[in-house]
Amino acid sequence: MKRSMLGMKKPSLGVKQSLACALLLAMSPLPAAAANLVKTYSYFAIGGSTLDDIEAQLSKRGPEVKSTGTRHPGATQMAFTTRISYAQTPSSCRIADAVVTVKVKVILPEWRRPRKADADVRLFWDTLSADIKRHEERHVEIAKNHGGELEEALKATYPQKNCDAAKAKAAAITAAVLARHDRAQLQFDRVESVNFESRILRLLRYRMERIGNGRLPPTRTHPN
């Protein structure tokens with residue numbers, strides 16, 4: 001069962017003014033679910049030496065998400081695969097075992113930073129790219145947790161009168177859990193979108209404080 005590709009919304013760099021001002025100034029993980037997780041990464045290259053350049057490159061080269069019809073700075077493709085075995089008796093049929101595998105592909109940007117990029121732009125990119133990755137990893141975590149929920153729900157079903165009924169029950173459970181999964185992913189995106197500016201400003205200040213305290217190396221002045 002494939003799910004739609006989810007992505008982090010393109011940050012409006014109308015936030016740029018607030019970020020520029022901040023640059024002049026100085027989660028506990030959820031329990032791992034039972035579902036199997038197969039995760040891969042891919043990257044798309046962007047260039048540019050200013051915040052405007054980076055915004056334009058993300059808009060042009062970012063993965064296109066079908067649910068929104070727009071390009072995003074990061075995205076996660078996911079699919080749920082369910083393998084179910086049944087045990088039948090003369091009077092009933094039950095789910096003997098269920099294994100759910102969540103396959104995800106995380107798509108992230110990779111900035112080919114030029115030598116002429118200013119230190120504040122490099123700092124902004126380091127902060128933004130880390131937040132994009134965190135955002136996509138949370139999409140993965142939500143999918144994995146719902147995969148575990150689905151697996152447990154399937155295993156906990158009562159025997160049905162026959163295997164057709166057991167299969168129908170499994171299909172109904174799967175549809176209900178995946179609908180909850182989709183709602184959880186959309187709600188996460190809504191909250192992240194609303195909090196984007198304040199979150200990035202907070203992360204920038206924290207990163208600058210750590211650099212000032214010697215806990216992080218200064219932003220490099222040469223390209224990767």
# chains A, B, ... in the order shown; residues from 1 in each chain; ligands from 1
$ residues_around --residues "Ala45 in chain A" --least-positions-apart "6" --cutoff "12 Å" --atoms "only C-alpha atoms" --output "list in words"
Ile54, Gln57, Leu58, Lys60, Arg61, Gly62, Pro63, Pro73, Gly74, Ile107, Leu108, Pro109, Glu110, Trp111, Arg112 and Arg113 of chain A
$ select_by_dssp --residues "range 61-183 of chain A" --states "helix (DSSP H, G or I)" --output "ChimeraX atom specification"
/A:61,119-155,163-183
$ residues_around --residues "Lys155 in chain A" --least-positions-apart "2" --cutoff "8 Å" --atoms "only C-alpha atoms" --output "number ranges by chain"
A: 95-98, 151-153, 157
$ closest_residue --among "A:Ser49, A:Glu55, A:Ala156, A:Ile84" --to "Arg71 in chain A" --atoms "only C-alpha atoms"
A:Glu55
$ residues_around --residues "His181 in chain A" --least-positions-apart "6" --cutoff "8 Å" --atoms "only C-alpha atoms" --output "ChimeraX atom specification"
/A:142-143,146
$ write_last_selection --atoms "N, CA, C and O atoms" --output "PDB file, in the first residue's frame"
ATOM      1  N   ILE A 142       6.714   8.778  12.322  1.00  0.00           N
ATOM      2  CA  ILE A 142       5.256   8.656  12.357  1.00  0.00           C
ATOM      3  C   ILE A 142       4.812   7.428  11.568  1.00  0.00           C
ATOM      4  O   ILE A 142       3.960   6.651  12.013  1.00  0.00           O
ATOM      5  N   ALA A 143       5.404   7.223  10.392  1.00  0.00           N
ATOM      6  CA  ALA A 143       5.056   6.060   9.579  1.00  0.00           C
ATOM      7  C   ALA A 143       5.413   4.760  10.284  1.00  0.00           C
ATOM      8  O   ALA A 143       4.623   3.806  10.306  1.00  0.00           O
ATOM      9  N   HIS A 146       2.974   3.992  13.155  1.00  0.00           N
ATOM     10  CA  HIS A 146       1.682   3.496  12.690  1.00  0.00           C
ATOM     11  C   HIS A 146       1.809   2.113  12.055  1.00  0.00           C
ATOM     12  O   HIS A 146       0.869   1.312  12.126  1.00  0.00           O
TER      13      HIS A 146
END
$ closest_residue --among "A:Ala35, A:Ile132, A:Val99, A:Leu51" --to "Glu192 in chain A" --atoms "only C-alpha atoms"
A:Ile132
$ select_by_dssp --residues "range 22-149 of chain A" --states "strand (DSSP E)" --output "VMD selection string"
chain A and resid 36 to 46 64 to 65 70 to 71 74 to 88 93 to 111
$ atom_distance --atom1 "CA of Tyr41 in chain A" --atom2 "CA of Lys133 in chain A"
10.6 Å
$ residues_around --residues "Ala165 in chain A" --least-positions-apart "5" --cutoff "10 Å" --atoms "only C-alpha atoms" --output "VMD selection string"
chain A and resid 92 to 94 159 to 160 170 to 171
$ closest_residue --among "A:Gln77, A:Thr82, A:Asn36, A:Ser91" --to "Asn162 in chain A" --atoms "only C-alpha atoms"
A:Ser91
$ atom_distance --atom1 "CA of Glu137 in chain A" --atom2 "CA of Met78 in chain A"
11.9 Å
